[in-house]
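S.K.: Data: protein.tsv, TSV, C-alpha atoms.
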chain	number	residue	atom	x	y	z
A	300	MET	CA	-14.25	21.73	13.39
A	301	LYS	CA	-15.19	20.97	16.99
A	302	THR	CA	-18.17	22.78	18.48
A	303	LYS	CA	-18.00	24.37	21.89
A	304	PRO	CA	-20.20	22.83	24.61
A	305	SER	CA	-23.30	24.88	25.30
A	306	ARG	CA	-24.16	26.28	28.69
A	307	ASP	CA	-27.31	24.12	28.74
A	308	GLN	CA	-25.10	21.12	29.50
A	309	ASN	CA	-24.03	22.52	32.91
A	310	PRO	CA	-27.37	21.83	34.70
A	311	HIS	CA	-27.28	18.24	33.42
A	312	LEU	CA	-23.71	17.87	34.69
A	313	ARG	CA	-24.63	19.17	38.13
A	314	ARG	CA	-27.70	16.95	38.23
A	315	ASN	CA	-25.61	13.88	37.36
A	316	LEU	CA	-23.03	14.75	40.03
A	317	ILE	CA	-25.78	15.14	42.64
A	318	LEU	CA	-27.30	11.80	41.62
A	319	ILE	CA	-23.93	10.05	41.81
A	320	LEU	CA	-23.15	11.59	45.21
A	321	SER	CA	-26.58	10.65	46.56
A	322	ALA	CA	-26.28	7.10	45.25
A	323	SER	CA	-22.84	6.78	46.85
A	324	ILE	CA	-24.17	7.92	50.22
A	325	VAL	CA	-27.10	5.49	49.98
A	326	ILE	CA	-24.74	2.62	49.10
A	327	VAL	CA	-22.42	3.45	52.01
A	328	VAL	CA	-25.30	3.65	54.49
A	329	ALA	CA	-26.89	0.47	53.12
A	330	GLY	CA	-23.53	-1.29	53.31
A	331	PHE	CA	-23.11	-0.22	56.91
A	332	PHE	CA	-26.50	-1.63	57.89
A	333	VAL	CA	-25.88	-4.82	55.94
A	334	ILE	CA	-22.60	-5.37	57.81
A	335	MET	CA	-24.34	-4.71	61.14
A	336	VAL	CA	-27.09	-7.20	60.36
A	337	LEU	CA	-24.65	-9.83	59.12
A	338	TYR	CA	-22.50	-9.33	62.19
A	339	LYS	CA	-25.48	-9.76	64.49
A	340	ILE	CA	-26.67	-12.88	62.65
A	341	PHE	CA	-23.17	-14.39	62.55
A	342	PHE	CA	-22.40	-13.85	66.24
A	343	HIS	CA	-25.89	-14.90	67.34
A	344	HIS	CA	-24.56	-18.46	67.16
A	345	VAL	CA	-21.26	-17.56	68.83
A	346	SER	CA	-22.15	-15.28	71.67
A	347	ASN	CA	-25.50	-14.00	72.81
A	348	PRO	CA	-25.73	-11.05	73.18
A	349	PRO	CA	-23.25	-10.20	70.36
A	350	ASP	CA	-19.79	-8.99	71.33
A	351	TRP	CA	-19.69	-5.55	69.68
A	352	SER	CA	-16.00	-5.18	70.42
A	353	LEU	CA	-15.32	-7.62	67.56
A	354	LEU	CA	-17.26	-5.50	65.06
A	355	GLY	CA	-14.05	-3.88	63.76
A	356	ASP	CA	-12.43	-7.24	63.07
A	357	PHE	CA	-15.57	-8.51	61.38
A	358	THR	CA	-15.76	-5.38	59.24
A	359	SER	CA	-12.12	-5.83	58.21
A	360	VAL	CA	-12.75	-9.43	57.17
A	361	VAL	CA	-15.79	-8.40	55.11
A	362	SER	CA	-13.84	-5.52	53.53
A	363	ILE	CA	-10.94	-7.79	52.60
A	364	SER	CA	-13.36	-10.32	51.12
A	365	LEU	CA	-15.04	-7.59	49.08
A	366	LEU	CA	-11.64	-6.29	47.99
A	367	ILE	CA	-10.49	-9.75	46.89
A	368	GLY	CA	-13.78	-10.28	45.07
A	369	GLY	CA	-13.47	-6.91	43.36
A	370	LEU	CA	-9.88	-7.58	42.31
A	371	THR	CA	-10.86	-11.01	40.99
A	372	PHE	CA	-13.73	-9.50	39.03
A	373	ALA	CA	-11.45	-6.77	37.65
A	374	LEU	CA	-8.83	-9.36	36.66
A	375	VAL	CA	-11.40	-11.51	34.87
A	376	GLU	CA	-12.79	-8.46	33.10
A	377	TYR	CA	-9.28	-7.32	32.09
A	378	ILE	CA	-8.39	-10.77	30.72
A	379	GLY	CA	-11.67	-10.84	28.82
A	380	LYS	CA	-11.00	-7.41	27.29
A	381	GLU	CA	-7.45	-8.38	26.34
A	382	ASN	CA	-8.68	-11.58	24.68
A	383	ALA	CA	-11.32	-9.61	22.81
A	384	LYS	CA	-8.70	-7.06	21.73
A	385	HIS	CA	-6.39	-9.87	20.60
A	386	ARG	CA	-9.18	-11.47	18.56
A	387	ALA	CA	-10.02	-8.06	17.04
A	388	ASN	CA	-6.36	-7.51	16.14
A	389	LEU	CA	-6.17	-10.95	14.51
A	390	ALA	CA	-9.33	-10.24	12.53
A	391	GLU	CA	-7.97	-6.85	11.45
A	392	GLU	CA	-4.65	-8.43	10.43
A	393	ARG	CA	-6.45	-11.09	8.41
A	394	GLU	CA	-8.53	-8.39	6.72
A	395	LYS	CA	-5.39	-6.38	5.89
A	396	ASN	CA	-3.68	-9.46	4.50
A	397	LYS	CA	-6.72	-10.28	2.39
A	398	LEU	CA	-6.90	-6.70	1.11
A	399	SER	CA	-3.17	-6.73	0.33
A	400	TYR	CA	-3.55	-10.02	-1.54
A	401	ASP	CA	-6.53	-8.68	-3.50
A	402	MET	CA	-4.48	-5.60	-4.43
A	403	TYR	CA	-1.56	-7.79	-5.49
A	404	LYS	CA	-3.86	-10.04	-7.53
A	405	ALA	CA	-5.47	-7.07	-9.34
A	406	ILE	CA	-2.06	-5.50	-10.10
A	407	ASN	CA	-0.60	-8.83	-11.19
A	408	GLU	CA	-3.48	-9.46	-13.59
A	409	LYS	CA	-3.14	-5.97	-15.05
A	410	PHE	CA	0.65	-5.93	-15.22
A	411	THR	CA	1.01	-9.40	-16.79
A	412	ALA	CA	-1.84	-9.05	-19.30
A	413	ALA	CA	-0.80	-10.01	-22.83
A	414	GLU	CA	-1.32	-6.49	-24.21
A	415	GLN	CA	0.81	-5.00	-21.40
A	416	GLU	CA	3.66	-7.41	-22.09
A	417	ALA	CA	3.43	-6.66	-25.82
A	418	ALA	CA	3.54	-2.91	-25.11
A	419	ARG	CA	6.61	-3.27	-22.91
A	420	ARG	CA	8.32	-5.42	-25.53
A	421	TRP	CA	7.76	-2.70	-28.15
A	422	ILE	CA	9.32	-0.15	-25.77
A	423	PHE	CA	12.35	-2.36	-25.12
A	424	GLN	CA	12.89	-2.96	-28.83
A	425	ASN	CA	12.35	0.59	-30.07
A	426	ILE	CA	13.37	3.12	-27.41
A	427	GLN	CA	17.01	3.60	-26.49
A	428	ILE	CA	17.98	4.54	-22.94
A	429	LYS	CA	19.14	8.16	-22.72
A	430	GLN	CA	22.81	8.34	-21.79
A	431	GLU	CA	24.28	11.06	-19.58
A	432	ASN	CA	26.10	12.76	-22.45
A	433	ASP	CA	23.05	12.69	-24.79
A	434	ASN	CA	21.44	16.02	-25.60
A	435	ILE	CA	17.91	15.84	-24.21
A	436	ASP	CA	16.33	17.76	-27.09
A	437	ALA	CA	17.94	15.62	-29.77
A	438	TRP	CA	17.20	12.41	-27.87
A	439	TYR	CA	13.58	13.47	-27.38
A	440	GLU	CA	13.07	14.32	-31.05
A	441	GLN	CA	14.50	10.99	-32.15
A	442	THR	CA	12.49	9.04	-29.55
A	443	ASN	CA	9.27	10.92	-30.20
A	444	ALA	CA	9.59	10.39	-33.97
A	445	ARG	CA	9.88	6.66	-33.39
A	446	ILE	CA	6.92	6.63	-31.01
A	447	MET	CA	4.69	8.65	-33.35
A	448	ALA	CA	5.71	6.83	-36.53
A	449	ARG	CA	2.57	5.62	-38.28
A	450	LYS	CA	2.38	2.42	-40.27
A	451	LYS	CA	-0.09	1.62	-43.01
A	452	LYS	CA	-1.91	-0.89	-40.82
A	453	ASP	CA	-2.53	1.75	-38.14
A	454	ASN	CA	-5.22	3.46	-40.27
A	455	GLU	CA	-7.21	5.82	-38.01
A	456	LYS	CA	-5.92	4.30	-34.79
A	457	LEU	CA	-3.08	5.64	-32.70
A	458	PRO	CA	0.37	4.80	-34.00
A	459	GLU	CA	1.57	1.52	-32.53
A	460	GLY	CA	4.37	3.15	-30.57
A	461	GLN	CA	2.12	5.84	-29.07
A	462	ALA	CA	-0.45	3.22	-28.05
A	463	CYS	CA	2.24	1.05	-26.42
A	464	VAL	CA	3.81	3.96	-24.53
A	465	LYS	CA	0.45	5.26	-23.29
A	466	MET	CA	-0.61	1.77	-22.19
A	467	SER	CA	2.60	1.20	-20.23
A	468	LEU	CA	2.56	4.65	-18.64
A	469	ASN	CA	-1.09	4.30	-17.66
A	470	CYS	CA	-0.32	0.94	-16.06
A	471	LEU	CA	2.63	2.35	-14.09
A	472	ASP	CA	0.56	5.38	-13.08
A	473	TYR	CA	-2.19	3.08	-11.81
A	474	ILE	CA	0.23	0.92	-9.80
A	475	GLY	CA	2.02	4.00	-8.48
A	476	PHE	CA	-1.22	5.61	-7.33
A	477	ILE	CA	-2.35	2.39	-5.63
A	478	SER	CA	1.01	1.98	-3.87
A	479	GLU	CA	0.95	5.61	-2.68
A	480	HIS	CA	-2.57	5.61	-1.25
A	481	TYR	CA	-3.92	2.09	-0.71
A	482	TRP	CA	-1.25	-0.62	-0.84
A	483	LYS	CA	1.88	-0.59	1.27
A	484	ILE	CA	4.24	-2.18	-1.22
A	485	GLU	CA	7.07	-4.06	0.49
A	486	GLY	CA	10.26	-5.91	-0.36
A	487	ASP	CA	8.74	-9.12	-1.70
A	488	SER	CA	6.44	-7.23	-4.05
A	489	LEU	CA	9.23	-4.90	-5.21
A	490	ASN	CA	11.46	-7.89	-5.82
A	491	TRP	CA	8.79	-9.27	-8.13
A	492	ILE	CA	7.83	-6.13	-10.02
A	493	SER	CA	10.84	-3.82	-9.92
A	494	GLY	CA	12.84	-5.45	-12.74
A	495	PRO	CA	10.47	-4.76	-15.66
A	496	VAL	CA	9.38	-1.44	-14.15
A	497	VAL	CA	12.97	-0.20	-14.07
A	498	LYS	CA	13.54	-1.33	-17.67
A	499	VAL	CA	10.49	0.66	-18.74
A	500	TRP	CA	11.20	3.76	-16.68
A	501	ASN	CA	14.86	3.96	-17.73
A	502	ARG	CA	13.56	4.38	-21.28
A	503	LEU	CA	10.43	6.45	-20.66
A	504	GLY	CA	11.47	8.56	-17.64
A	505	PRO	CA	13.39	11.24	-19.59
A	506	TYR	CA	10.66	11.25	-22.24
A	507	VAL	CA	7.95	11.88	-19.62
A	508	GLU	CA	10.00	14.66	-18.01
A	509	GLN	CA	10.50	16.38	-21.39
A	510	VAL	CA	6.80	16.13	-22.29
A	511	ARG	CA	5.96	17.54	-18.88
A	512	THR	CA	8.24	20.50	-19.54
A	513	LEU	CA	6.83	21.12	-23.00
A	514	ARG	CA	3.24	20.90	-21.83
A	515	LYS	CA	3.92	22.81	-18.59
A	516	ALA	CA	1.98	20.01	-16.85
A	517	LYS	CA	3.54	19.36	-13.44
A	518	ASP	CA	1.19	16.45	-12.69
A	519	TYR	CA	1.89	14.54	-15.93
A	520	TYR	CA	2.29	10.89	-14.86
A	521	ILE	CA	3.63	11.83	-11.43
A	522	SER	CA	2.49	8.55	-9.84
A	523	ALA	CA	4.24	6.58	-12.58
A	524	GLU	CA	7.39	8.63	-12.00
A	525	ALA	CA	7.28	8.11	-8.22
A	526	PHE	CA	6.85	4.36	-8.63
A	527	GLY	CA	9.56	4.09	-11.27
A	528	LYS	CA	12.05	5.96	-9.08
A	529	LEU	CA	11.03	3.85	-6.07
A	530	CYS	CA	11.88	0.67	-7.96
A	531	ILE	CA	15.20	2.12	-9.19
A	532	HIS	CA	16.18	3.18	-5.65
A	533	TRP	CA	15.16	-0.18	-4.18
A	534	ARG	CA	17.23	-2.16	-6.68
A	535	LYS	CA	20.25	0.08	-6.07
A	536	GLU	CA	19.88	-0.41	-2.30
A	537	LYS	CA	19.80	-4.17	-2.85
A	538	GLY	CA	22.78	-4.08	-5.22
A	539	LEU	CA	20.72	-5.52	-8.06
A	540	PRO	CA	21.89	-4.66	-11.59
A	541	ASP	CA	19.56	-3.29	-14.24
A	542	GLU	CA	18.17	-6.02	-16.45
A	543	GLU	CA	19.16	-6.00	-20.11
A	544	PHE	CA	16.64	-6.63	-22.85
A	545	VAL	CA	17.57	-9.57	-25.07
A	546	SER	CA	15.50	-10.22	-28.17
A	547	ASN	CA	14.12	-13.66	-28.93
A	548	THR	CA	13.71	-14.46	-25.23
A	549	LEU	CA	10.72	-14.70	-22.94
Give the structure from this file in structure tokens form.

M.R.:
Amino acid sequence: MKTKPSRDQNPHLRRNLILILSASIVIVVAGFFVIMVLYKIFFHHVSNPPDWSLLGDFTSVVSISLLIGGLTFALVEYIGKENAKHRANLAEEREKNKLSYDMYKAINEKFTAAEQEAARRWIFQNIQIKQENDNIDAWYEQTNARIMARKKKDNEKLPEGQACVKMSLNCLDYIGFISEHYWKIEGDSLNWISGPVVKVWNRLGPYVEQVRTLRKAKDYYISAEAFGKLCIHWRKEKGLPDEEFVSNTL
């Protein structure tokens, strides 16, 4: 909230205006006397006594010289400021590029980690994509049973499927949050990351929406959802088909 200026500032404003006006008058008077003295010195060698009828011409010459000098100074100052602004813009652009690269590097390291790739592979192998004519409740029950299925080796840990789904969703939520608030993700980055993201979200999107409904949690993985839908929309705009998962491939 902006504060209103106090009345105590008015005397300072008037004092500054008086000082500026007084200084201007002094400069004008001093300039007049300087021109008179210079005129007298200059014409001392030309005509003695000085020809005061030429004072106007002399004053015009001095004024034009001062004007040209002032314009030259202003031009030099303007060029200097523009060069400084250009250097600042270049430095800012380099800093943005470095920050963008650091963001990309951090996301790449997280997204391509061995455990993330293993989690996505489990999702591709075990969760079927919901079709338009599938009943959401039946599809959810079948999918959730597969995700929560516990094996003997799981012991006290989370079931393998639950751990894989949570890991993938947390990763997408992290990338989605970063892209919403800190990293302007563009075409080249989407071209790199959208394929596997779409494969994951096509399988987990309906599951997340159903869990959100059951829990009555409107903010349940909303950043992951926004990023998944962004990748789907981008690939459709580019005319790129959805990738198919093929077992026994990289």

S.K.: Here is a test: counting only C-alpha atoms, which residue of A:Arg313, A:Lys404, A:Arg419, A:Lys498 is nearest to Gln461 (chain A)?

M.R.: A:Arg419

S.K.: For CA of Asp401 (chain A) and CA of Ala383 (chain A), quote the distance in Å rounded to one decimal.

M.R.: 26.8 Å

S.K.: If I take CA of Leu398 (chain A) and CA of Asp487 (chain A), how far is one from the other in Å, to one decimal?

M.R.: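 Result for CA of Leu398 (chain A) versus CA of Asp487 (chain A): 16.1 Å, one decimal.
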
S.K.: Could you tell me how far CA of Ile521 (chain A) sits from CA of Phe476 (chain A), in Å to one decimal place?

M.R.: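 Going from CA of Phe476 (chain A) over to CA of Ile521 (chain A), I get 8.9 Å.
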
S.K.: With only C-alpha atoms as the basis for distance, which of A:Lys537, A:Lys465, A:Arg314, A:Lys384 is at the shortest distance from Ala418 (chain A)?

M.R.: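 The closest residue to Ala418 (chain A) is A:Lys465.
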
S.K.: Nearest residue to His532 (chain A) out of A:Glu381, A:Arg386, A:Asp436, A:Gly494, using all atoms listed in the file?

M.R.: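 Once distances to His532 (chain A) are computed over all atoms listed in the file, the minimum belongs to A:Gly494.
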
S.K.: Out of A:Trp421, A:Tyr377, A:Tyr506, A:Phe410, which residue has the shortest atom-to-atom distance to Trp438 (chain A) when counting all atoms listed in the file?

M.R.: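 Looking only at the distances to Trp438 (chain A), the closest residue turns out to be A:Tyr506.
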
S.K.: If I put a ball of radius 12 Å at (-1.2, 1.3, -3.4) in the file's coordinates, which residues poke into it when counting all atoms listed in the file, written as an MDAnalysis selection string?

M.R.: chainID A and resid 398:403 405:406 471:485 488 522:523 525:526

S.K.: Restricted to C-alpha atoms, what would the selected residues look like written as an mmCIF file, keeping the file's coordinate frame?

M.R.:
data_model
loop_
_atom_site.group_PDB
_atom_site.id
_atom_site.type_symbol
_atom_site.label_atom_id
_atom_site.label_comp_id
_atom_site.auth_asym_id
_atom_site.auth_seq_id
_atom_site.Cartn_x
_atom_site.Cartn_y
_atom_site.Cartn_z
ATOM 1 C CA LEU A 398 -6.900 -6.700 1.110
ATOM 2 C CA SER A 399 -3.170 -6.730 0.330
ATOM 3 C CA TYR A 400 -3.550 -10.020 -1.540
ATOM 4 C CA ASP A 401 -6.530 -8.680 -3.500
ATOM 5 C CA MET A 402 -4.480 -5.600 -4.430
ATOM 6 C CA TYR A 403 -1.560 -7.790 -5.490
ATOM 7 C CA ALA A 405 -5.470 -7.070 -9.340
ATOM 8 C CA ILE A 406 -2.060 -5.500 -10.100
ATOM 9 C CA LEU A 471 2.630 2.350 -14.090
ATOM 10 C CA ASP A 472 0.560 5.380 -13.080
ATOM 11 C CA TYR A 473 -2.190 3.080 -11.810
ATOM 12 C CA ILE A 474 0.230 0.920 -9.800
ATOM 13 C CA GLY A 475 2.020 4.000 -8.480
ATOM 14 C CA PHE A 476 -1.220 5.610 -7.330
ATOM 15 C CA ILE A 477 -2.350 2.390 -5.630
ATOM 16 C CA SER A 478 1.010 1.980 -3.870
ATOM 17 C CA GLU A 479 0.950 5.610 -2.680
ATOM 18 C CA HIS A 480 -2.570 5.610 -1.250
ATOM 19 C CA TYR A 481 -3.920 2.090 -0.710
ATOM 20 C CA TRP A 482 -1.250 -0.620 -0.840
ATOM 21 C CA LYS A 483 1.880 -0.590 1.270
ATOM 22 C CA ILE A 484 4.240 -2.180 -1.220
ATOM 23 C CA GLU A 485 7.070 -4.060 0.490
ATOM 24 C CA SER A 488 6.440 -7.230 -4.050
ATOM 25 C CA SER A 522 2.490 8.550 -9.840
ATOM 26 C CA ALA A 523 4.240 6.580 -12.580
ATOM 27 C CA ALA A 525 7.280 8.110 -8.220
ATOM 28 C CA PHE A 526 6.850 4.360 -8.630
#

S.K.: Can you pull out the residues contacting region 510-513 of chain A? Cut-off 12 Å, using only C-alpha atoms, and skip same-chain residues under 2 positions away; I want them as a list in words.

M.R.: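 Near neighbours after the sequence-gap exclusion: Ile435, Asp436, Tyr439, Glu440, Thr442, Asn443, Leu503, Gly504, Pro505, Tyr506, Val507, Glu508, Lys515, Ala516, Lys517, Asp518, Tyr519, Tyr520, Ile521 and Glu524 of chain A.
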
S.K.: So, counting only C-alpha atoms, which residue among A:Ile317, A:Cys463, A:Cys530, A:Ala444 is closest to Glu416 (chain A)?

M.R.: A:Cys463

S.K.: Measuring atom to atom with all atoms listed in the file, identify which of A:Thr371, A:Asn469, A:Ser493, A:Asn501 is nearest to Arg534 (chain A).

M.R.: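 Comparing A:Thr371, A:Asn469, A:Ser493, A:Asn501 against Arg534 (chain A), the winner is A:Ser493.
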
S.K.: Please enclose the listed atoms of region 379-385 of chain A in an axis-aligned box, pad each side by 6 Å, and write out the centre and the three edge lengths in Å, rounded to one decimal, as JSON.

M.R.:
{"center_x": -9.0, "center_y": -9.3, "center_z": 24.7, "size_x": 17.3, "size_y": 16.5, "size_z": 20.2}
